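Asker: Input structure: input_32.cif, which contains mmCIF, C-alpha atoms.
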```
data_data
loop_
_atom_site.label_atom_id
_atom_site.label_comp_id
_atom_site.auth_asym_id
_atom_site.auth_seq_id
_atom_site.Cartn_x
_atom_site.Cartn_y
_atom_site.Cartn_z
CA MET L 23 118.44 207.12 190.73
CA GLY L 24 118.94 210.91 190.83
CA PRO L 25 116.78 213.30 192.82
CA VAL L 26 115.06 214.61 189.63
CA LYS L 27 114.03 211.17 188.46
CA THR L 28 112.88 210.31 191.97
CA ALA L 29 110.65 213.37 192.11
CA VAL L 30 109.25 212.72 188.62
CA ARG L 31 108.52 209.11 189.42
CA ALA L 32 106.72 210.15 192.63
CA GLU L 33 104.64 212.68 190.68
CA VAL L 34 103.75 210.16 187.95
CA THR L 35 102.92 207.52 190.51
CA GLY L 36 100.63 209.84 192.44
CA ARG L 37 98.86 211.50 189.49
CA ARG L 38 97.66 210.55 186.03
CA HIS L 39 96.06 213.00 183.59
CA GLY L 40 96.08 215.66 186.30
CA ARG L 41 93.90 213.66 188.68
CA PRO L 42 95.09 212.01 191.90
CA MET L 43 95.23 208.25 191.53
CA ALA L 44 93.44 206.08 194.04
CA PRO L 45 95.86 204.07 196.11
CA LEU L 46 96.22 200.46 195.09
CA PRO L 47 94.34 198.08 197.39
CA SER L 48 96.47 196.25 199.86
CA PRO L 49 96.80 192.56 199.10
CA ALA L 50 94.62 190.26 201.16
CA PRO L 51 96.54 188.84 204.11
CA ALA L 52 97.85 185.37 203.45
CA ARG L 53 95.94 182.57 205.12
CA VAL L 54 97.82 181.32 208.15
CA SER L 55 97.98 177.57 207.81
CA VAL L 56 96.60 175.26 210.48
CA ALA L 57 100.09 173.78 210.89
CA ARG L 58 101.52 177.23 211.59
CA ARG L 59 98.74 178.03 214.07
CA LEU L 60 99.19 174.71 215.85
CA ASN L 61 102.95 175.17 216.13
CA ASP L 62 102.57 178.75 217.34
CA GLU L 63 100.00 177.64 219.89
CA TRP L 64 102.29 174.85 221.06
CA ARG L 65 105.23 177.19 221.60
CA ARG L 66 103.08 179.36 223.85
CA LEU L 67 101.52 176.42 225.65
CA ALA L 68 104.51 174.15 226.21
CA THR L 69 106.41 176.47 228.56
CA SER L 70 103.41 178.09 230.23
CA SER L 71 102.91 177.89 233.98
CA ALA L 72 99.52 176.26 233.40
CA PHE L 73 101.11 173.43 231.42
CA ARG L 74 103.82 172.90 234.03
CA ALA L 75 101.23 172.73 236.81
CA HIS L 76 99.16 170.23 234.84
CA LEU L 77 102.26 168.21 234.00
CA ARG L 78 103.02 167.73 237.69
CA GLN L 79 99.66 165.96 238.12
CA TRP L 80 100.47 163.30 235.55
CA PRO L 81 102.20 159.93 236.19
CA VAL L 82 105.81 160.20 237.28
CA GLU L 83 107.28 159.17 233.93
CA LEU L 84 105.67 162.26 232.43
CA ALA L 85 105.88 164.59 235.45
CA ARG L 86 109.66 164.31 235.67
CA HIS L 87 109.98 166.50 232.57
CA GLU L 88 110.30 170.22 233.13
CA ASP L 89 107.87 171.43 230.48
CA GLY L 90 106.06 170.50 227.30
CA GLU L 91 109.08 170.93 225.06
CA GLN L 92 111.11 168.45 227.09
CA LEU L 93 108.19 166.03 227.19
CA LEU L 94 107.62 166.32 223.44
CA ALA L 95 111.30 165.66 222.75
CA ALA L 96 111.13 162.60 225.02
CA THR L 97 108.29 161.17 222.91
CA GLY L 98 110.68 160.96 219.97
CA ARG L 99 109.57 164.07 218.10
CA ASP L 100 113.15 165.14 217.39
CA GLY L 101 114.64 161.68 217.05
CA GLY L 102 117.80 160.44 218.73
CA LEU L 103 115.98 158.61 221.52
CA PRO L 104 115.36 154.86 221.90
CA THR L 105 112.09 154.11 220.08
CA VAL L 106 110.79 151.82 222.81
CA GLU L 107 111.21 154.44 225.55
CA ALA L 108 109.60 157.17 223.46
CA ASP L 109 106.73 154.86 222.54
CA GLN L 110 106.11 154.00 226.18
CA LEU L 111 105.73 157.69 227.02
CA LEU L 112 103.29 158.11 224.12
CA ALA L 113 101.31 155.13 225.39
CA VAL L 114 100.93 156.80 228.80
CA LEU L 115 99.91 160.07 227.15
CA ILE L 116 97.37 158.55 224.79
CA ALA L 117 95.81 156.59 227.64
CA LEU L 118 95.28 159.92 229.42
CA ALA L 119 94.10 161.56 226.20
CA ARG L 120 90.67 159.94 226.31
CA HIS L 121 89.72 162.30 229.14
CA ASP L 122 92.58 164.84 229.17
CA GLU L 123 92.71 167.35 226.30
CA LEU L 124 96.22 168.53 227.20
CA ALA L 125 97.58 165.00 226.92
CA ALA L 126 95.83 164.66 223.56
CA ARG L 127 97.39 167.95 222.47
CA VAL L 128 100.89 166.62 223.20
CA VAL L 129 100.21 163.51 221.13
CA LEU L 130 98.82 165.63 218.29
CA GLN L 131 101.94 167.81 218.33
CA ARG L 132 104.05 164.66 218.16
CA VAL L 133 102.39 163.49 214.93
CA ILE L 134 102.11 166.86 213.12
CA PRO L 135 105.26 166.25 211.00
CA GLY L 136 103.84 162.91 209.89
CA LEU L 137 100.50 164.49 209.03
CA ILE L 138 102.27 167.15 206.95
CA ASN L 139 104.22 164.46 205.11
CA ALA L 140 101.03 162.51 204.44
CA ALA L 141 99.28 165.61 203.08
CA VAL L 142 102.18 166.43 200.76
CA ARG L 143 102.52 162.84 199.57
CA ARG L 144 98.80 162.44 198.94
CA THR L 145 98.61 165.68 196.94
CA SER L 146 101.74 165.23 194.87
CA GLY L 147 101.39 167.30 191.70
CA ARG L 148 98.61 169.41 193.21
CA PRO L 149 100.52 172.10 195.15
CA ALA L 150 97.39 174.04 196.14
CA HIS L 151 95.85 171.09 197.97
CA PRO L 152 98.17 170.01 200.84
CA HIS L 153 96.90 172.68 203.25
CA HIS L 154 93.28 171.59 202.88
CA LEU L 155 94.13 167.90 203.20
CA PHE L 156 96.27 168.62 206.25
CA ASP L 157 93.28 170.34 207.89
CA ASP L 158 91.21 167.19 207.33
CA LEU L 159 94.00 164.94 208.60
CA VAL L 160 94.34 166.99 211.81
CA ALA L 161 90.61 166.79 212.53
CA THR L 162 90.64 163.02 212.01
CA ALA L 163 93.84 162.54 214.01
CA TRP L 164 92.31 164.39 216.96
CA LEU L 165 89.37 161.97 217.01
CA VAL L 166 91.70 159.00 216.58
CA ILE L 167 93.80 160.17 219.55
CA ARG L 168 90.78 160.80 221.81
CA ALA L 169 89.34 157.35 221.05
CA PHE L 170 92.57 155.35 220.74
CA PRO L 171 92.15 151.74 222.02
CA ILE L 172 95.32 151.59 224.09
CA ASP L 173 94.33 148.27 225.69
CA ARG L 174 94.32 146.57 222.29
CA ARG L 175 97.08 148.57 220.62
CA PRO L 176 99.66 149.35 223.30
CA ALA L 177 102.68 149.93 221.05
CA LYS L 178 103.80 151.94 218.00
CA ILE L 179 101.44 154.73 219.01
CA ALA L 180 102.59 157.45 216.61
CA VAL L 181 102.67 155.04 213.67
CA ASN L 182 99.16 153.80 214.37
CA VAL L 183 97.70 157.29 214.89
CA LEU L 184 99.19 158.41 211.56
CA ARG L 185 98.06 155.27 209.77
CA ASP L 186 94.52 155.49 211.08
CA ALA L 187 94.21 159.21 210.34
CA GLU L 188 95.49 158.79 206.80
CA TYR L 189 93.40 155.71 206.10
CA VAL L 190 90.15 157.19 207.34
CA THR L 191 90.78 160.54 205.62
CA CYS L 192 92.31 159.48 202.33
CA VAL L 193 91.77 155.83 201.51
CA ARG L 194 88.30 154.74 202.38
CA PRO L 195 86.24 155.19 199.20
CA HIS L 196 82.76 154.58 200.47
CA ARG L 197 80.03 157.15 200.91
CA LEU L 198 77.32 157.76 203.47
CA ARG L 199 74.06 156.04 202.61
CA SER L 200 72.06 159.25 202.21
CA ALA L 201 72.65 162.96 201.75
CA GLY L 202 71.70 164.45 205.09
CA GLU L 203 71.37 161.49 207.35
CA LEU L 204 73.81 160.00 209.82
CA PRO L 205 73.47 156.22 209.86
CA ASP L 206 72.28 154.91 213.21
CA ASP L 207 74.34 151.77 212.76
CA PHE L 208 77.92 152.05 211.54
CA ALA L 209 78.46 148.30 211.70
CA GLY L 210 78.20 147.80 207.94
CA ALA L 211 80.54 150.66 207.25
CA GLU L 212 83.02 149.37 209.81
CA ARG L 213 83.15 145.98 208.11
CA ARG L 214 84.19 147.62 204.85
CA LEU L 215 87.30 149.10 206.46
CA ALA L 216 90.54 147.20 206.16
CA PRO L 217 91.58 146.11 209.67
CA THR L 218 94.89 147.25 211.10
CA GLY L 219 97.06 146.05 213.94
CA LEU L 220 100.29 147.24 215.53
CA ASP L 221 102.19 146.82 212.27
CA GLY L 222 99.32 147.41 209.87
CA ARG L 223 98.25 143.76 209.78
CA PRO L 224 95.06 142.43 211.37
CA LEU L 225 95.40 141.40 214.97
CA ASP L 226 91.88 141.42 216.31
CA HIS L 227 90.06 142.18 213.04
CA ARG L 228 88.72 145.47 214.33
CA PRO L 229 89.11 148.28 211.77
CA PRO L 230 90.76 151.62 212.57
CA ALA L 231 87.47 153.52 212.30
CA THR L 232 85.65 151.34 214.83
CA GLU L 233 86.52 153.68 217.69
CA LEU L 234 85.57 156.73 215.62
CA ALA L 235 82.23 155.16 214.76
CA GLY L 236 81.61 154.59 218.46
CA VAL L 237 82.35 158.24 219.17
CA PHE L 238 79.84 159.31 216.50
CA ARG L 239 77.16 157.00 217.91
CA LEU L 240 77.78 158.35 221.40
CA GLY L 241 77.59 161.91 220.10
CA ALA L 242 74.30 161.26 218.31
CA ALA L 243 72.84 159.66 221.43
CA SER L 244 74.00 162.63 223.51
CA GLY L 245 72.23 165.21 221.37
CA VAL L 246 75.03 166.47 219.13
CA CYS L 247 73.45 167.89 215.95
CA ARG L 248 72.95 164.97 213.58
CA ARG L 249 73.45 167.07 210.45
CA ASP L 250 76.77 168.34 211.80
CA LEU L 251 77.73 164.78 212.69
CA ALA L 252 76.84 163.68 209.17
CA MET L 253 79.09 166.37 207.72
CA LEU L 254 81.97 165.38 209.99
CA ALA L 255 81.40 161.69 209.29
CA ALA L 256 81.47 162.33 205.55
CA ALA L 257 84.97 163.77 205.91
CA SER L 258 86.33 161.62 208.75
CA LEU L 259 84.74 158.24 208.09
CA GLU L 260 84.00 158.43 204.39
CA GLY L 261 87.04 160.37 203.22
CA TRP L 262 85.22 163.14 201.35
CA PRO L 263 87.24 166.31 200.67
CA ALA L 264 85.84 169.53 202.15
CA ALA L 265 84.66 170.79 198.74
CA GLU L 266 82.64 167.62 198.17
CA VAL L 267 81.09 167.79 201.63
CA ALA L 268 80.16 171.43 201.00
CA ALA L 269 78.49 170.64 197.68
CA HIS L 270 76.71 167.61 199.14
CA PHE L 271 75.23 169.56 202.06
CA ASP L 272 74.75 172.80 200.09
CA VAL L 273 77.05 174.91 202.28
CA THR L 274 80.39 176.65 201.81
CA THR L 275 83.72 175.01 202.53
CA ARG L 276 84.22 177.56 205.29
CA THR L 277 80.97 176.38 206.90
CA VAL L 278 82.20 172.80 206.62
CA ARG L 279 85.40 173.67 208.49
CA ASN L 280 83.55 175.69 211.13
CA ARG L 281 81.05 172.87 211.68
CA ARG L 282 83.88 170.37 211.83
CA ALA L 283 85.64 172.35 214.56
CA ARG L 284 82.39 172.83 216.49
CA THR L 285 81.37 169.18 216.21
CA THR L 286 84.82 167.92 217.15
CA ALA L 287 84.70 170.06 220.29
CA ALA L 288 81.19 168.78 221.07
CA LEU L 289 82.33 165.16 220.69
CA ALA L 290 85.31 165.83 222.94
CA ALA L 291 82.94 167.20 225.60
CA VAL L 292 80.72 164.12 225.27
CA MET L 293 83.72 161.84 225.71
CA ARG L 294 84.90 163.75 228.78
CA ALA L 295 81.45 163.39 230.31
CA ALA L 296 81.41 159.69 229.54
CA ALA L 297 84.88 159.03 230.93
#
```
What's the structure tokens form of this structure?
Answerer:
Amino acid sequence: MGPVKTAVRAEVTGRRHGRPMAPLPSPAPARVSVARRLNDEWRRLATSSAFRAHLRQWPVELARHEDGEQLLAATGRDGGLPTVEADQLLAVLIALARHDELAARVVLQRVIPGLINAAVRRTSGRPAHPHHLFDDLVATAWLVIRAFPIDRRPAKIAVNVLRDAEYVTCVRPHRLRSAGELPDDFAGAERRLAPTGLDGRPLDHRPPATELAGVFRLGAASGVCRRDLAMLAAASLEGWPAAEVAAHFDVTTRTVRNRRARTTAALAAVMRAAA
């Protein structure tokens, strides 16, 4: 393009009918996905001095790794390692995770690829939905990890965390018994859940949401807001999408996600205190 055309184009762009044109509004910044934020957070955390110091306090099979990246690789995140050895490391981590948030964070990072795959598979043909479903899966997976019954399910840790998170988030079709009330007794709801064992088959006939239900009961007894618990239970135990929870409780989907994050943190604090 010659200098004359360049100057004319600049003049036309800047003025119309003799009046300066208002600049076009900048596009809204793209929403940074939860997966991206989690991965960015992990990269900062895994090699930090704080993580290394904490790592040295863990059992020797974990502490022998130099940092979080090495430990994550050893849990089988990148493949190429014997499954049994990687699973044993995850078992040690998830046992710590009940009272150690950093251990839970390592386990969560290990299963993020599986959660992404589940979100994409469950929303096939609906390309705008995987991000929202992934958010719900992450929230459920965090609760599953913090309440994982390692004594009863000591193997295939990643598989079971993914299965439980997907089942509780996506499969279970039932609804809470009333609009704004958290049931005091989850026993009936627990019985409606299909039980799962180490390979997905019943071993002890306890359903995957049993531990989650116990966490919710403990939270309610410890003073966590019952309405917030009901909203989280609707998504985590009943499988409602965020939009449905928002409509049901007459709030926005952003409020649902904020309450979910706040309530999940409150439940984690309750579990630490009870440990």
Asker: Evaluating the PyMOL selection byres ((chain L and resi 133-144) around 8) on the displayed file yields which residues, as an mmCIF file with C-alpha atoms, in the frame of the given file?
Answerer:
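What landed in selection.cif:
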```cif
data_model
loop_
_atom_site.group_PDB
_atom_site.id
_atom_site.type_symbol
_atom_site.label_atom_id
_atom_site.label_comp_id
_atom_site.auth_asym_id
_atom_site.auth_seq_id
_atom_site.Cartn_x
_atom_site.Cartn_y
_atom_site.Cartn_z
ATOM 1 C CA ALA L 57 100.090 173.780 210.890
ATOM 2 C CA ARG L 99 109.570 164.070 218.100
ATOM 3 C CA VAL L 129 100.210 163.510 221.130
ATOM 4 C CA LEU L 130 98.820 165.630 218.290
ATOM 5 C CA GLN L 131 101.940 167.810 218.330
ATOM 6 C CA ARG L 132 104.050 164.660 218.160
ATOM 7 C CA THR L 145 98.610 165.680 196.940
ATOM 8 C CA SER L 146 101.740 165.230 194.870
ATOM 9 C CA PRO L 152 98.170 170.010 200.840
ATOM 10 C CA HIS L 153 96.900 172.680 203.250
ATOM 11 C CA LEU L 155 94.130 167.900 203.200
ATOM 12 C CA PHE L 156 96.270 168.620 206.250
ATOM 13 C CA LEU L 159 94.000 164.940 208.600
ATOM 14 C CA VAL L 160 94.340 166.990 211.810
ATOM 15 C CA ALA L 180 102.590 157.450 216.610
ATOM 16 C CA VAL L 183 97.700 157.290 214.890
ATOM 17 C CA LEU L 184 99.190 158.410 211.560
ATOM 18 C CA GLU L 188 95.490 158.790 206.800
ATOM 19 C CA CYS L 192 92.310 159.480 202.330
#
```
Asker: Would you mind telling me which residue in L:His76, L:Arg276, L:Lys178, L:Arg120 lies nearest to Ala296 of chain L when using all atoms listed in the file?
Answerer: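 Distance minimum relative to Ala296 of chain L lands on L:Arg120.
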Asker: Here's the selection I'm unsure about, the PyMOL selection byres ((chain L and resi 84) around 10); applied to the file above, which residues does it give, as a list of chain:residue names?
Answerer: L:Leu77, L:Arg78, L:Gln79, L:Trp80, L:Pro81, L:Val82, L:Glu83, L:Ala85, L:Arg86, L:His87, L:Glu88, L:Asp89, L:Gly90, L:Gln92, L:Leu93, L:Ala96, L:Thr97, L:Leu111, L:Leu112, L:Val114, L:Leu115
Asker: May I have the protein, DNA and RNA residues with any atom at most 9 Å from the point (92.1, 162.7, 219.2), counting all atoms listed in the file, written as number ranges by chain?
Answerer: L: 116, 119-120, 123, 126-127, 129-130, 160-170, 183, 290
Asker: Could you give me, as a PyMOL selection string, the residues within 12 Å of segment 279-281 of chain L, counting only C-alpha atoms and dropping anything in the same chain fewer than 3 positions from it?
Answerer: chain L and resi 56+154-155+157-158+160-161+246-255+257+263-265+267-268+271+273-276+284-289
Asker: Can you work out the spacing between atom CA of Met293 of chain L and atom CA of Ile172 of chain L in Å, to one decimal?
Answerer: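 According to the coordinates, atom CA of Met293 of chain L and atom CA of Ile172 of chain L are separated by 15.6 Å.
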Asker: Between atom CA of Tyr189 of chain L and atom CA of Arg174 of chain L, what is the distance in Å, rounded to a tenth?
Answerer: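 Those two atoms sit 18.6 Å apart.
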Asker: How many Å separate atom CA of Ala235 of chain L from atom CA of Arg282 of chain L?
Answerer: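 Distance between the two atoms: 15.6 Å.
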